[in-house]
Structures are given as C-alpha cells and as structure tokens.
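What follows is the content of target_32.cif (mmCIF, C-alpha atoms).
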data_my_file
#
loop_
_atom_site.group_PDB
_atom_site.id
_atom_site.type_symbol
_atom_site.label_atom_id
_atom_site.label_comp_id
_atom_site.auth_asym_id
_atom_site.auth_seq_id
_atom_site.Cartn_x
_atom_site.Cartn_y
_atom_site.Cartn_z
ATOM 1 C CA MET S 1 7.689 34.210 -28.472
ATOM 2 C CA LYS S 2 9.069 37.758 -28.484
ATOM 3 C CA VAL S 3 12.311 38.015 -26.536
ATOM 4 C CA MET S 4 14.473 40.990 -25.590
ATOM 5 C CA VAL S 5 18.112 41.093 -24.578
ATOM 6 C CA GLY S 6 20.544 43.973 -24.284
ATOM 7 C CA GLY S 7 24.175 44.845 -23.811
ATOM 8 C CA THR S 8 27.329 46.415 -25.147
ATOM 9 C CA PHE S 9 28.691 43.108 -26.468
ATOM 10 C CA ASP S 10 32.298 44.255 -26.851
ATOM 11 C CA PRO S 11 34.216 42.181 -27.324
ATOM 12 C CA LEU S 12 31.639 39.476 -28.059
ATOM 13 C CA HIS S 13 32.750 36.758 -25.635
ATOM 14 C CA ASP S 14 31.427 33.334 -24.610
ATOM 15 C CA GLY S 15 29.220 34.854 -21.894
ATOM 16 C CA HIS S 16 27.558 37.140 -24.437
ATOM 17 C CA LYS S 17 27.171 34.207 -26.806
ATOM 18 C CA ARG S 18 25.347 32.219 -24.102
ATOM 19 C CA LEU S 19 23.004 35.196 -23.577
ATOM 20 C CA ILE S 20 22.278 35.587 -27.299
ATOM 21 C CA THR S 21 21.901 31.834 -27.853
ATOM 22 C CA ARG S 22 19.447 31.507 -24.958
ATOM 23 C CA SER S 23 17.411 34.390 -26.377
ATOM 24 C CA PHE S 24 17.069 32.625 -29.716
ATOM 25 C CA GLU S 25 16.287 29.293 -28.029
ATOM 26 C CA LEU S 26 13.414 30.920 -26.136
ATOM 27 C CA ALA S 27 12.115 32.675 -29.250
ATOM 28 C CA GLY S 28 11.855 29.372 -31.068
ATOM 29 C CA LYS S 29 11.531 28.883 -34.807
ATOM 30 C CA VAL S 30 8.798 31.462 -35.378
ATOM 31 C CA GLY S 31 9.701 33.941 -32.636
ATOM 32 C CA TRP S 32 11.428 37.301 -32.626
ATOM 33 C CA VAL S 33 14.502 38.507 -30.757
ATOM 34 C CA THR S 34 15.138 42.195 -30.169
ATOM 35 C CA ILE S 35 18.717 42.952 -29.221
ATOM 36 C CA GLY S 36 19.336 46.314 -27.596
ATOM 37 C CA LEU S 37 22.892 47.338 -28.426
ATOM 38 C CA THR S 38 24.269 50.225 -26.403
ATOM 39 C CA THR S 39 24.890 53.418 -28.333
ATOM 40 C CA ASP S 40 28.398 54.831 -28.458
ATOM 41 C CA LEU S 41 27.441 57.541 -25.968
ATOM 42 C CA PHE S 42 25.874 55.123 -23.472
ATOM 43 C CA ALA S 43 28.746 52.626 -23.878
ATOM 44 C CA SER S 44 31.310 55.372 -23.216
ATOM 45 C CA ARG S 45 30.449 55.063 -19.501
ATOM 46 C CA LYS S 46 32.266 51.723 -19.402
ATOM 47 C CA CYS S 47 35.599 51.529 -17.600
ATOM 48 C CA HIS S 48 37.309 50.134 -20.723
ATOM 49 C CA PRO S 49 37.420 51.151 -24.377
ATOM 50 C CA VAL S 50 34.449 50.123 -26.515
ATOM 51 C CA ARG S 51 34.474 49.779 -30.288
ATOM 52 C CA GLU S 52 31.988 51.881 -32.235
ATOM 53 C CA TYR S 53 28.354 50.813 -32.614
ATOM 54 C CA SER S 54 28.628 49.726 -36.260
ATOM 55 C CA VAL S 55 31.556 47.395 -35.485
ATOM 56 C CA ARG S 56 29.766 45.826 -32.506
ATOM 57 C CA LYS S 57 26.580 45.435 -34.541
ATOM 58 C CA ALA S 58 28.467 43.717 -37.371
ATOM 59 C CA SER S 59 30.060 41.335 -34.855
ATOM 60 C CA LEU S 60 26.631 40.410 -33.445
ATOM 61 C CA GLU S 61 25.166 39.912 -36.915
ATOM 62 C CA ARG S 62 28.092 37.687 -37.905
ATOM 63 C CA TYR S 63 27.625 35.497 -34.812
ATOM 64 C CA ILE S 64 23.867 35.186 -35.402
ATOM 65 C CA ARG S 65 24.430 34.247 -39.077
ATOM 66 C CA GLU S 66 27.094 31.678 -38.157
ATOM 67 C CA CYS S 67 24.720 30.034 -35.668
ATOM 68 C CA GLY S 68 21.858 29.892 -38.166
ATOM 69 C CA PHE S 69 19.147 30.698 -35.621
ATOM 70 C CA PRO S 70 15.710 30.364 -37.253
ATOM 71 C CA ALA S 71 13.970 33.190 -35.360
ATOM 72 C CA LYS S 72 13.878 36.653 -36.861
ATOM 73 C CA TYR S 73 15.675 39.444 -35.042
ATOM 74 C CA ASP S 74 16.465 43.106 -35.009
ATOM 75 C CA ILE S 75 19.184 45.110 -33.341
ATOM 76 C CA GLU S 76 18.118 48.467 -31.943
ATOM 77 C CA PRO S 77 20.132 51.262 -30.322
ATOM 78 C CA LEU S 78 20.061 51.158 -26.525
ATOM 79 C CA SER S 79 20.663 54.619 -25.103
ATOM 80 C CA ASP S 80 19.721 53.901 -21.469
ATOM 81 C CA ARG S 81 19.336 50.952 -19.074
ATOM 82 C CA TYR S 82 15.850 50.008 -20.289
ATOM 83 C CA GLY S 83 15.569 50.807 -23.990
ATOM 84 C CA SER S 84 12.222 49.793 -25.446
ATOM 85 C CA ALA S 85 11.718 47.066 -22.818
ATOM 86 C CA VAL S 86 9.335 49.211 -20.759
ATOM 87 C CA ALA S 87 7.044 50.313 -23.592
ATOM 88 C CA GLU S 88 7.140 47.445 -26.107
ATOM 89 C CA ASP S 89 5.044 44.291 -26.095
ATOM 90 C CA PHE S 90 7.229 41.220 -25.568
ATOM 91 C CA ASP S 91 7.175 37.971 -23.589
ATOM 92 C CA ALA S 92 10.612 37.447 -22.083
ATOM 93 C CA LEU S 93 13.768 39.255 -21.120
ATOM 94 C CA VAL S 94 17.071 37.360 -21.030
ATOM 95 C CA VAL S 95 19.660 38.647 -18.571
ATOM 96 C CA SER S 96 22.840 37.612 -16.810
ATOM 97 C CA GLU S 97 23.355 37.412 -13.062
ATOM 98 C CA GLU S 98 24.901 40.860 -13.348
ATOM 99 C CA THR S 99 21.900 42.485 -15.061
ATOM 100 C CA LEU S 100 19.063 40.770 -13.168
ATOM 101 C CA PRO S 101 18.373 43.892 -11.042
ATOM 102 C CA ILE S 102 17.745 45.926 -14.219
ATOM 103 C CA ALA S 103 15.228 43.325 -15.417
ATOM 104 C CA ASN S 104 13.378 43.616 -12.111
ATOM 105 C CA GLU S 105 13.327 47.412 -12.495
ATOM 106 C CA ILE S 106 11.884 46.993 -15.995
ATOM 107 C CA ASN S 107 8.993 44.939 -14.638
ATOM 108 C CA ILE S 108 8.316 47.547 -11.944
ATOM 109 C CA LEU S 109 8.244 50.304 -14.573
ATOM 110 C CA ARG S 110 6.033 48.184 -16.853
ATOM 111 C CA ARG S 111 3.545 47.702 -14.025
ATOM 112 C CA LYS S 112 3.441 51.475 -13.414
ATOM 113 C CA GLU S 113 2.720 51.929 -17.149
ATOM 114 C CA GLY S 114 -0.148 49.423 -16.962
ATOM 115 C CA LYS S 115 1.739 46.802 -18.952
ATOM 116 C CA ARG S 116 1.949 43.141 -18.079
ATOM 117 C CA LYS S 117 4.983 41.739 -16.340
ATOM 118 C CA VAL S 118 7.399 39.846 -18.610
ATOM 119 C CA ASP S 119 9.166 36.607 -17.804
ATOM 120 C CA ILE S 120 12.787 37.024 -16.784
ATOM 121 C CA HIS S 121 15.212 34.318 -17.866
ATOM 122 C CA GLN S 122 18.548 34.549 -16.107
ATOM 123 C CA ILE S 123 21.533 32.736 -17.529
ATOM 124 C CA THR S 124 24.519 31.858 -15.419
ATOM 125 C CA CYS S 125 27.665 33.742 -16.268
ATOM 126 C CA VAL S 126 30.336 31.780 -18.088
ATOM 127 C CA LEU S 127 33.433 31.108 -16.051
ATOM 128 C CA ALA S 128 36.996 31.535 -17.232
ATOM 129 C CA GLU S 129 39.730 28.971 -16.544
ATOM 130 C CA ASP S 130 40.346 30.637 -13.184
ATOM 131 C CA SER S 131 36.682 30.135 -12.163
ATOM 132 C CA ARG S 132 35.954 33.870 -12.302
ATOM 133 C CA TRP S 133 33.389 35.373 -14.688
ATOM 134 C CA ILE S 134 34.375 36.085 -18.255
ATOM 135 C CA SER S 135 33.939 39.823 -18.702
ATOM 136 C CA SER S 136 34.834 42.441 -21.267
ATOM 137 C CA THR S 137 36.803 44.303 -18.615
ATOM 138 C CA ARG S 138 38.991 41.262 -17.928
ATOM 139 C CA ILE S 139 39.525 40.751 -21.654
ATOM 140 C CA TYR S 140 40.569 44.393 -22.149
ATOM 141 C CA ARG S 141 42.939 44.132 -19.189
ATOM 142 C CA GLY S 142 44.637 41.226 -20.960
ATOM 143 C CA GLU S 143 43.813 38.698 -18.226
ATOM 144 C CA ILE S 144 41.772 36.341 -20.442
ATOM 145 C CA ASP S 145 40.660 35.901 -24.031
ATOM 146 C CA GLU S 146 37.012 35.880 -25.204
ATOM 147 C CA HIS S 147 36.777 32.165 -24.343
ATOM 148 C CA GLY S 148 38.049 32.641 -20.791
ATOM 149 C CA ARG S 149 41.516 31.232 -21.367
ATOM 150 C CA LEU S 150 44.157 32.820 -19.130
ATOM 151 C CA LEU S 151 46.630 34.967 -21.014
ATOM 152 C CA HIS S 152 49.118 35.383 -18.172
ATOM 153 C CA GLN S 153 49.499 34.123 -14.646
ATOM 154 C CA GLU S 154 48.986 36.580 -11.805
#
Same coordinates, now as structure tokens:
Amino acid sequence: MKVMVGGTFDPLHDGHKRLITRSFELAGKVGWVTIGLTTDLFASRKCHPVREYSVRKASLERYIRECGFPAKYDIEPLSDRYGSAVAEDFDALVVSEETLPIANEINILRRKEGKRKVDIHQITCVLAEDSRWISSTRIYRGEIDEHGRLLHQE
C-alpha cells in the first residue's frame, strides 16, 4: 500500500510519532510511505519558531531508523497544504483530527482532476498529562515536553 502523510514535525513529539507509525503500519512490509515535510518558507507561517528543513528531516529519518519499519519511504518537500497528494497515485492519507479537513479537500481536488478518491485514516491526537493535545506550540511555550509531561503548573 502507498501511504502519504505530511507535516512540519518540529519538534517531533509523541503525536507526530503516532502519525508516522500509523502510516508505516498501513503501508505494511512491502508498501511505501511518502512523508511531506514542510519547506522552511511554508513552515515560517507557524506561530512558533521552526528548525530548518534539514534538521527536521534528520530527526524524522532518525525516528524511522530507530523504529525499524520495513516499508520503504521518502521524504519530500511540502510547500503548500496539499503537496503531491492531489496528483500522485497513492492509496491512503494519514491525518490527525486537526488536519482531517485538508484530507477532505485533497479528495475533492483529486475528483476534479479525474483521480480516484483515497482512503483517509484519522488518528486521534495524543493527550498530554493535562488531557489537552500535545502540540508543537505547547512545547515551544514551555508548557509540556515532547511526551506531554507538564513542565510547570499553570
């Protein structure tokens, strides 16, 4: 199975790891995972600082190696909300609750292009100790670490 997933992945936290892991699970042993990693320009729209593309890519590659996923993969620059997901042939798109609307837009655009709809697999967001979503923004604010542990009490 050919699977696509995308994001900024900075810092790479437990929510991102669930997204990546699910993508590789769906791809299976002989599948392929394409990871769209936001370019520095596209990521600069975030409300928090983002490390440069090469650093984020190295972090993703390290995580994938450590997990030993059997599927092959590639990491491609993502310079807009859709990347190659509209034009490329693939079977599934893995998204979070937060990015589900973008996946639906991708299927609408694919239909307009005469391409088949792809399956959307939504993961649940990982909760921090305070039962709120783990997010890069919260990590950069110093509220939680990448595992969702509280760093200070509010």
Answer key for the PyMOL selection byres ((chain S and resi 61) around 12), residues as a list in words: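 Checked against the file, the PyMOL selection byres ((chain S and resi 61) around 12) matches Phe9, Leu12, Lys17, Ile20, Ile35, Leu37, Ser54, Val55, Arg56, Lys57, Ala58, Ser59, Leu60, Arg62, Tyr63, Ile64, Arg65, Glu66, Cys67, Gly68, Phe69, Lys72, Tyr73, Asp74 and Ile75 of chain S.
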Please write as a ChimeraX atom specification the full residue list that the PyMOL selection byres ((chain S and resi 99) around 12) yields on this file. /S:5-7,19,81-82,93-98,100-106,120-125
Give me the residues within 12 Å of S:Gly142 as a PyMOL selection string, counting all atoms listed in the file and dropping any in the same chain fewer than 5 places off. chain S and resi 48+134-137+148-154
So which residues are close to (34.9, 34.1, -16.5), meaning at most 10 Å away in the file's coordinates with all atoms listed in the file counted, and can you show them as an MDAnalysis selection string? chainID S and resid 13:15 125:136 138:139 144:150
What does the distance between atom CA of S:Glu52 and atom CA of S:Asp80 come to in Å, to one decimal place?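 For atom CA of S:Glu52 relative to atom CA of S:Asp80, the distance reads 16.4 Å.
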From S:Arg110, S:Lys2, S:Arg51, S:Arg141, residue lying nearest S:Thr39 [only C-alpha atoms]: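 Residue with the minimum atom-to-atom distance to S:Thr39: S:Arg51.
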Pairwise distance for atom CA of S:Gly36 and atom CA of S:Val118, rounded to one decimal in Å: 16.3 Å
If you measure from atom CA of S:Met1 to atom CA of S:Val30, what distance in Å do you get, rounded to one decimal?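 Computed distance, atom CA of S:Met1 to atom CA of S:Val30, equals 7.5 Å.
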Got a sec to resolve the PyMOL selection byres ((chain S and resi 90) around 12) on this structure and send the residues as a ChimeraX atom specification? /S:1-5,27,31-34,84-89,91-94,107,110,115-120
For S:Val50, work out the shell of residues within 7 Å, counting all atoms listed in the file and skipping chain neighbours fewer than 5 positions away, then give it as a list of chain:residue names. S:Asp10, S:Ala43, S:Ser44
Once 8 Å is added on each side, what centre and edge lengths in Å to one decimal does the axis-aligned box around all listed atoms of stretch 109-116 of chain S have, as lines of an AutoDock Vina configuration file?
center_x = 4.0
center_y = 47.5
center_z = -16.2
size_x = 24.4
size_y = 24.8
size_z = 21.5
